[in-house]
Each structure stands twice: as C-alpha cells, then as structure tokens.
Amino acid sequence: MKATWWKVLAIALLAYTLIAGLLADVPRLPILNETIRALYFHVAMWFAMLAMLTVGIVYSIKYLRNGRLEDDDMSLEFTNAAILFGVIGIATGSLWARFTWGAYWTNDPKLNAAAIGLLMYFAYLILRNSLTDIFQRAKISAVYSIFAYAAFIPLIFILPRLTDSLHPGNGGNPGFNAYDMDSQLRIVFYPAVIGWSLLGTWVTTIRVRYRRLERKMEEKMINQ
C-alpha cells in the first residue's frame with residue numbers, strides 16, 4: 001500500500017477535478033463566464049508541466065555528477081511527460097482563447113513564448129534521437145535541458161510581463177488573485193495541480209520501468 005497510496009490519491013484528485021471542475025459553481029465574470037473552468041485544466045496542466053520540468057532538471061544535474069543512466073532515464077521521461085502536458089495545455093488554452101478572445105491563436109507574447117518554449121523541448125527530443133552513443137546522448141541531453149530550462153522560465157514568466165498581454169497578470173492586466181481567484185476556484189484549482197502532477201509522475205514511472213527493462217533485454221541479447 002505504501003507504494004500505491006499516491007496513485008490512489010492521483011485518481012481521487014483527478015476525479016474530483018473533473019466532477020467539480022464541470023459541475024461546481026464558478027464566479028460569473030464578464031467575457032469569461034463558464035469558460036473560467038478551463039483554469040482547472042489549461043493552467044493546472046502548465047503548473048504540472050513546470051513541476052515535471054524542474055524534477056527533470058534535478059535528474060539531469062545528478063547524471064552530470066555521477067554518470068548513472070538511471071538518472072538520465074528519469075530526466076528524459078519527466079521531460080517527456082512535461083512536453084505532453086505542455087501540448088495539452090496549449091490545446092486547451094487555444095480553445096479557451098477561441099471563446100474569450102475570439103480566435104484560437106492571437107499575437108499574444110505569452111502564447112508565442114509558450115510555443116517557442118515547446119519548440120525548444122521538441123529540439124531536445126530531436127537532439128537525443130540524433131545521437132547513437134548512449135553516454136554521449138545522456139550527457140549532451142542533460143546539458144541542453146539545463147540551458148533550455150534556464151531560457152524557458154524567463155520566456156514564460158518574465159518577458160510577457162514586459163509588454164502588453166491578454167493573459168491575466170501580464171502587461172498590466174490583473175492576475176487571478178486580484179479579481180477572481182476566490183475560494184470557489186481555489187478548492188478545485190490546487191487539487192487539480194496536485195492531481196495532474198501525480199498523473200505525470202505515474203506515467204513517468206511506467207515509462208522509466210519500460211525503458212530500463214528494454215535496456216536489460218538489449219544487454220542480455222548482446223552478451224549471448
């Protein structure tokens with residue numbers, strides 16, 4: 001039970017997020033109206049993505065320090081999960097934008113920065129697949145991921161605040177805390193962030209086990 005309690009928690013939190021996120025009362029705000037429910041999916045998934053990218057960076061640093069492929073596995077799969085959540089986050093954000101801003105994509109600095117950030121991580125995957133030596137691949141990928149993370153954070157959180165943006169909390173717009181992140185939203189939003197993060201971790205652990213099993217099978221075939 002010790003190894004599975006957090007998986008049970010993930011299922012419970014996501015079930016709560018889906019039910020409360022679709023059925024619970026939300027603030028009636030101009031323009032946003034019912035679309036504010038996307039906060040539990042679009043924004044929460046981006047929070048989860050950032051958490052997984054951060055954990056991935058920790059494992060990248062650990063690999064550079066000790067050279068263990070197990071750490072590279074963790075870094076890669078946490079990054080993969082983060083990219084998945086980033087893509088879903090952009091897709092849900094695009095739907096939200098369609099109903100609030102009138103278009104699936106606008107020339108908004110935060111939207112463009114998010115797209116650039118994801119492209120950097122797509123390049124990370126391409127870079128990994130272009131290298132054949134597993135140790136060289138792990139080392140170069142770890143270095144790349146650290147620099148990508150160092151660029152991604154200001155790209156998402158700092159640069160959009162320096163210019164006009166439609167996103168709350170950017171370009172002079174008030175953030176959610178200032179006008180609508182009330183208790184009705186918080187009791188669903190925070191569990192949603194935890195639930196999506198735990199789901200990403202769950203997917204990562206499955207992928208890591210599969211990757212390590214695959215490597216053991218390859219080593220066994222080579223030694224035969």
# chains A, B, ... in the order shown; residues from 1 in each chain; ligands from 1
>>> residues_around(residues="Leu119 in chain A", least_positions_apart="4", cutoff="12 Å", atoms="only C-alpha atoms", output="JSON, numbers by chain")
{"A": [83, 86, 87, 112, 113, 114, 115, 123, 124, 125, 126, 148, 152]}
>>> residues_around(residues="Ala15 in chain A", least_positions_apart="4", cutoff="12 Å", atoms="only C-alpha atoms", output="PyMOL selection string")
chain A and resi 8-11+19-22+188+191-192+195-196+199
>>> write_last_selection(atoms="N, CA and C atoms", output="PDB file, in the first residue's frame")
ATOM      1  N   VAL A   8      -3.528   6.186  -5.803  1.00  0.00           N
ATOM      2  CA  VAL A   8      -4.931   6.294  -5.388  1.00  0.00           C
ATOM      3  C   VAL A   8      -5.299   7.763  -5.205  1.00  0.00           C
ATOM      4  N   LEU A   9      -4.392   8.528  -4.602  1.00  0.00           N
ATOM      5  CA  LEU A   9      -4.617   9.958  -4.409  1.00  0.00           C
ATOM      6  C   LEU A   9      -4.755  10.673  -5.747  1.00  0.00           C
ATOM      7  N   ALA A  10      -3.919  10.296  -6.721  1.00  0.00           N
ATOM      8  CA  ALA A  10      -3.986  10.915  -8.047  1.00  0.00           C
ATOM      9  C   ALA A  10      -5.348  10.674  -8.688  1.00  0.00           C
ATOM     10  N   ILE A  11      -5.827   9.428  -8.615  1.00  0.00           N
ATOM     11  CA  ILE A  11      -7.138   9.098  -9.194  1.00  0.00           C
ATOM     12  C   ILE A  11      -8.238   9.880  -8.494  1.00  0.00           C
ATOM     13  N   ILE A  19     -15.179  16.245 -11.880  1.00  0.00           N
ATOM     14  CA  ILE A  19     -16.565  16.428 -11.441  1.00  0.00           C
ATOM     15  C   ILE A  19     -16.811  17.859 -10.971  1.00  0.00           C
ATOM     16  N   ALA A  20     -15.977  18.325 -10.040  1.00  0.00           N
ATOM     17  CA  ALA A  20     -16.153  19.682  -9.523  1.00  0.00           C
ATOM     18  C   ALA A  20     -15.843  20.726 -10.591  1.00  0.00           C
ATOM     19  N   GLY A  21     -14.854  20.415 -11.432  1.00  0.00           N
ATOM     20  CA  GLY A  21     -14.487  21.368 -12.468  1.00  0.00           C
ATOM     21  C   GLY A  21     -15.582  21.608 -13.472  1.00  0.00           C
ATOM     22  N   LEU A  22     -16.418  20.611 -13.700  1.00  0.00           N
ATOM     23  CA  LEU A  22     -17.500  20.753 -14.678  1.00  0.00           C
ATOM     24  C   LEU A  22     -18.839  21.118 -14.050  1.00  0.00           C
ATOM     25  N   VAL A 188     -10.733  23.829  -6.081  1.00  0.00           N
ATOM     26  CA  VAL A 188     -10.619  22.879  -7.194  1.00  0.00           C
ATOM     27  C   VAL A 188      -9.255  23.022  -7.872  1.00  0.00           C
ATOM     28  N   PRO A 191      -6.112  21.236  -5.882  1.00  0.00           N
ATOM     29  CA  PRO A 191      -6.151  19.776  -6.050  1.00  0.00           C
ATOM     30  C   PRO A 191      -5.890  19.347  -7.491  1.00  0.00           C
ATOM     31  N   ALA A 192      -6.334  20.175  -8.464  1.00  0.00           N
ATOM     32  CA  ALA A 192      -6.104  19.851  -9.873  1.00  0.00           C
ATOM     33  C   ALA A 192      -4.612  19.856 -10.191  1.00  0.00           C
ATOM     34  N   GLY A 195      -3.152  16.774  -8.653  1.00  0.00           N
ATOM     35  CA  GLY A 195      -3.619  15.583  -9.367  1.00  0.00           C
ATOM     36  C   GLY A 195      -2.921  15.401 -10.698  1.00  0.00           C
ATOM     37  N   TRP A 196      -2.823  16.475 -11.497  1.00  0.00           N
ATOM     38  CA  TRP A 196      -2.139  16.371 -12.792  1.00  0.00           C
ATOM     39  C   TRP A 196      -0.659  16.069 -12.613  1.00  0.00           C
ATOM     40  N   LEU A 199      -0.336  12.442 -11.807  1.00  0.00           N
ATOM     41  CA  LEU A 199      -0.569  11.640 -13.015  1.00  0.00           C
ATOM     42  C   LEU A 199       0.677  11.638 -13.899  1.00  0.00           C
TER      43      LEU A 199
END
>>> residues_around(residues="Ala82 in chain A", least_positions_apart="5", cutoff="10 Å", atoms="only C-alpha atoms", output="PyMOL selection string")
chain A and resi 45-56+76-77+87-88+118+121+197+200-201+204
>>> write_last_selection(atoms="N, CA and C atoms", output="mmCIF file, in the first residue's frame")
data_model
loop_
_atom_site.group_PDB
_atom_site.id
_atom_site.type_symbol
_atom_site.label_atom_id
_atom_site.label_comp_id
_atom_site.auth_asym_id
_atom_site.auth_seq_id
_atom_site.Cartn_x
_atom_site.Cartn_y
_atom_site.Cartn_z
ATOM 1 N N MET A 45 -2.475 22.225 -15.812
ATOM 2 C CA MET A 45 -1.553 21.370 -16.555
ATOM 3 C C MET A 45 -0.209 22.063 -16.777
ATOM 4 N N TRP A 46 -0.231 23.368 -16.969
ATOM 5 C CA TRP A 46 1.028 24.089 -17.129
ATOM 6 C C TRP A 46 1.806 24.118 -15.824
ATOM 7 N N PHE A 47 1.102 24.246 -14.707
ATOM 8 C CA PHE A 47 1.780 24.159 -13.410
ATOM 9 C C PHE A 47 2.430 22.783 -13.243
ATOM 10 N N ALA A 48 1.681 21.740 -13.609
ATOM 11 C CA ALA A 48 2.215 20.377 -13.516
ATOM 12 C C ALA A 48 3.401 20.207 -14.452
ATOM 13 N N MET A 49 3.327 20.782 -15.648
ATOM 14 C CA MET A 49 4.428 20.707 -16.599
ATOM 15 C C MET A 49 5.694 21.332 -16.013
ATOM 16 N N LEU A 50 5.550 22.494 -15.386
ATOM 17 C CA LEU A 50 6.705 23.161 -14.794
ATOM 18 C C LEU A 50 7.304 22.339 -13.659
ATOM 19 N N ALA A 51 6.439 21.697 -12.884
ATOM 20 C CA ALA A 51 6.931 20.844 -11.801
ATOM 21 C C ALA A 51 7.740 19.682 -12.361
ATOM 22 N N MET A 52 7.252 19.065 -13.436
ATOM 23 C CA MET A 52 7.957 17.931 -14.018
ATOM 24 C C MET A 52 9.252 18.348 -14.714
ATOM 25 N N LEU A 53 9.256 19.530 -15.338
ATOM 26 C CA LEU A 53 10.494 20.029 -15.926
ATOM 27 C C LEU A 53 11.541 20.274 -14.849
ATOM 28 N N THR A 54 11.096 20.772 -13.708
ATOM 29 C CA THR A 54 12.025 21.032 -12.604
ATOM 30 C C THR A 54 12.633 19.738 -12.078
ATOM 31 N N VAL A 55 11.801 18.714 -11.916
ATOM 32 C CA VAL A 55 12.319 17.419 -11.465
ATOM 33 C C VAL A 55 13.270 16.843 -12.511
ATOM 34 N N GLY A 56 12.929 17.013 -13.774
ATOM 35 C CA GLY A 56 13.805 16.536 -14.841
ATOM 36 C C GLY A 56 15.175 17.188 -14.798
ATOM 37 N N LEU A 76 14.807 12.173 -18.805
ATOM 38 C CA LEU A 76 14.136 12.086 -20.104
ATOM 39 C C LEU A 76 12.635 11.918 -19.947
ATOM 40 N N GLU A 77 12.216 10.987 -19.098
ATOM 41 C CA GLU A 77 10.792 10.680 -19.020
ATOM 42 C C GLU A 77 9.991 11.765 -18.295
ATOM 43 N N VAL A 87 1.763 20.372 -24.455
ATOM 44 C CA VAL A 87 0.965 20.316 -25.687
ATOM 45 C C VAL A 87 -0.528 20.358 -25.356
ATOM 46 N N ILE A 88 -0.935 19.572 -24.365
ATOM 47 C CA ILE A 88 -2.350 19.582 -23.958
ATOM 48 C C ILE A 88 -2.720 20.954 -23.400
ATOM 49 N N LEU A 118 8.044 25.231 -26.150
ATOM 50 C CA LEU A 118 7.787 23.847 -26.551
ATOM 51 C C LEU A 118 8.676 23.436 -27.716
ATOM 52 N N TYR A 121 11.936 22.258 -26.541
ATOM 53 C CA TYR A 121 11.936 20.899 -25.993
ATOM 54 C C TYR A 121 11.696 19.852 -27.078
ATOM 55 N N SER A 197 -0.040 16.656 -11.580
ATOM 56 C CA SER A 197 1.378 16.382 -11.315
ATOM 57 C C SER A 197 1.604 14.921 -10.946
ATOM 58 N N GLY A 200 1.293 12.811 -14.064
ATOM 59 C CA GLY A 200 2.525 12.875 -14.845
ATOM 60 C C GLY A 200 3.630 12.032 -14.250
ATOM 61 N N THR A 201 3.735 12.029 -12.916
ATOM 62 C CA THR A 201 4.728 11.204 -12.238
ATOM 63 C C THR A 201 4.437 9.728 -12.445
ATOM 64 N N THR A 204 5.417 8.755 -15.861
ATOM 65 C CA THR A 204 6.880 8.743 -15.924
ATOM 66 C C THR A 204 7.457 7.455 -15.344
#
>>> closest_residue(among="A:His42, A:Lys62, A:Lys7, A:Arg137", to="Ile206 in chain A", atoms="only C-alpha atoms")
A:Lys7
>>> closest_residue(among="A:Ser75, A:Asn107, A:Ser145, A:Thr205", to="Ala3 in chain A", atoms="only C-alpha atoms")
A:Thr205
>>> select_by_dssp(residues="chain A", states="helix (DSSP H, G or I)", output="PyMOL selection string")
chain A and resi 5-23+33-40+42-66+69-100+109-130+134-157+159-162+176-179+183-223
